[in-house]
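Below: the structure, in structure tokens.
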Amino acid sequence: MPLIAVLAFGFFAAALLYASVGFGGGSTYAALLAISGLDYRVLPMVALACNIVVVAGATVRFARAGVTPWRSALVLTALAAPAAFVGGLITIDRDAFMLLLGASLVLTGITMLIPVAEAVQEKPAAWAKAMPFVAAPIGFLAGLVGIGGGIFLAPLLHLTRWRDARAIAATASLFILINSAFGLAGQLLKHGPAMFGGAMVDALPLLVAVAVGGQIGSLMAVRFLPLIWIRWLTAALVSMVGLRLLSGV
């Protein structure tokens, strides 16, 4: 089976699962692309473009449901987006990129193992007010390595009891959408329209795969596997790939 077909299937499955809980799947796309041996300069562009395709539908779904805490979510996003743009602009060599991506994937795996409460019944923790201060660093890292950053933000929001689970999922979705767009803009300016256009043409089957998977995931909850299994399997995948990348640096 051609590599692009295998990748498309993996992207479809990742988009379906992630979209159902408000994430874009950028960390898993990055992991799959890293394994495939794709040019590291193109990798962030493809992962970020796929993120945008997936979370756009989820963001609209959450907004229509009236669960997005717009004021708080926009504050976090407004602080992170410029940093994501700057991260996308920075040029680093392959070894440094693989080191950062590997470390980010391992960190992603760890954050996905943090228990997620279904609802918040207690008052927000005292340090919940510090969340705006972590938004920019998360945005910068997201733009640099080609992920949306929501996978880092959401566990912190849950730990601080920032909002209920649905509001946090809606916030993460908006955060990923805007960060991915700003990070992609930085990547476009850094590498130029020719490389960007070539990357998007080559990645067209992957974009179609995540569009279909994301829509299905947005419209229906995950029914075939318990959510905790999905989190564990995803954590295992990205952690293994992250460790593999780190071992080769």
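By convention in this document, the chains of the structure tokens carry letters A, B, ... by their order, each chain's residues are numbered from 1, and ligands are numbered from 1 in the order they are shown.
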
Got a sec to tell me which of segment 5-245 of chain A DSSP assigns to helix (DSSP H, G or I), as JSON, numbers by chain? {"A": [5, 6, 7, 8, 9, 10, 11, 12, 13, 14, 15, 16, 17, 18, 19, 26, 27, 28, 29, 30, 31, 32, 33, 34, 35, 36, 43, 44, 45, 46, 47, 48, 49, 50, 51, 52, 53, 54, 55, 56, 57, 58, 59, 60, 61, 62, 63, 64, 65, 70, 71, 72, 73, 74, 75, 76, 77, 78, 79, 80, 81, 82, 83, 84, 85, 86, 87, 88, 89, 94, 95, 96, 97, 98, 99, 100, 101, 102, 103, 104, 105, 106, 107, 108, 109, 110, 111, 112, 126, 127, 128, 129, 130, 131, 132, 133, 134, 135, 136, 137, 138, 139, 140, 141, 142, 143, 144, 145, 150, 151, 152, 153, 154, 155, 156, 157, 158, 159, 165, 166, 167, 168, 169, 170, 171, 172, 173, 174, 175, 176, 177, 178, 179, 180, 181, 182, 183, 184, 185, 186, 187, 188, 189, 190, 191, 192, 193, 194, 195, 196, 197, 198, 199, 200, 201, 202, 204, 205, 206, 207, 208, 209, 210, 211, 212, 213, 214, 215, 216, 217, 218, 219, 227, 228, 229, 230, 231, 232, 233, 234, 235, 236, 237, 238, 239, 240, 241, 242, 243, 244, 245]}

Can I get the residues of segment 159-237 of chain A within 6 Å of segment 17-41 of chain A, each with the closest pair of atoms and their distance in Å to one decimal, using only C-alpha atoms, sorted chain first then ascending number, as a tab-separated table?
residue	atom	partner	partner_atom	distance
A:Ala169	CA	A:Gly22	CA	5.0
A:Ser173	CA	A:Gly22	CA	5.0
A:Gly214	CA	A:Ala19	CA	5.3
A:Gly217	CA	A:Ser20	CA	4.5
A:Ser218	CA	A:Ser20	CA	5.1
A:Ala221	CA	A:Ser20	CA	5.5

Find the nearest atom pair between each residue of segment 38-116 of chain A and segment 141-154 of chain A for residues within 9 Å, count only C-alpha atoms, give distances in Å to one decimal, sort rows by chain and ascending number, and present the table as a tab-separated table.
residue	atom	partner	partner_atom	distance
A:Leu43	CA	A:Gly146	CA	7.2
A:Pro44	CA	A:Gly146	CA	3.8
A:Met45	CA	A:Gly146	CA	6.6
A:Val46	CA	A:Gly146	CA	8.1
A:Ala47	CA	A:Gly146	CA	5.9
A:Leu48	CA	A:Gly146	CA	5.5
A:Asn51	CA	A:Gly148	CA	6.9
A:Ile52	CA	A:Gly148	CA	8.7
A:Ala81	CA	A:Gly143	CA	8.7
A:Ala83	CA	A:Gly143	CA	7.5
A:Ala84	CA	A:Gly143	CA	4.2
A:Phe85	CA	A:Gly143	CA	6.1
A:Val86	CA	A:Gly143	CA	7.3
A:Gly87	CA	A:Leu144	CA	4.3
A:Gly88	CA	A:Gly143	CA	4.5
A:Leu89	CA	A:Leu144	CA	7.7
A:Ile90	CA	A:Leu144	CA	7.0
A:Thr91	CA	A:Leu144	CA	8.7
A:Ile92	CA	A:Leu144	CA	9.0
A:Phe97	CA	A:Val145	CA	7.0
A:Met98	CA	A:Val145	CA	8.7
A:Leu100	CA	A:Val145	CA	7.0
A:Leu101	CA	A:Val145	CA	5.7
A:Ser104	CA	A:Val145	CA	8.1
A:Leu107	CA	A:Phe152	CA	8.1
A:Thr108	CA	A:Ile151	CA	6.5
A:Thr111	CA	A:Phe152	CA	6.6
A:Met112	CA	A:Ile151	CA	7.5

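In terms of minimum interatomic distance to Phe12 of chain A, A:Val208 ranks closest within A:Val208, A:His158, A:Leu219, A:Val241, counting only C-alpha atoms.
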
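If you count only C-alpha atoms and ignore residues fewer than 2 places along the chain from Ala170 of chain A, what sits within 9 Å of it is Val21, Gly22, Ala58, Thr59, Arg61, Phe62, Ala63, Val67, Thr68, Pro69, Ala73, Ala165, Arg166, Ala167, Ile168, Ala172, Ser173, Leu174 and Phe175 of chain A.
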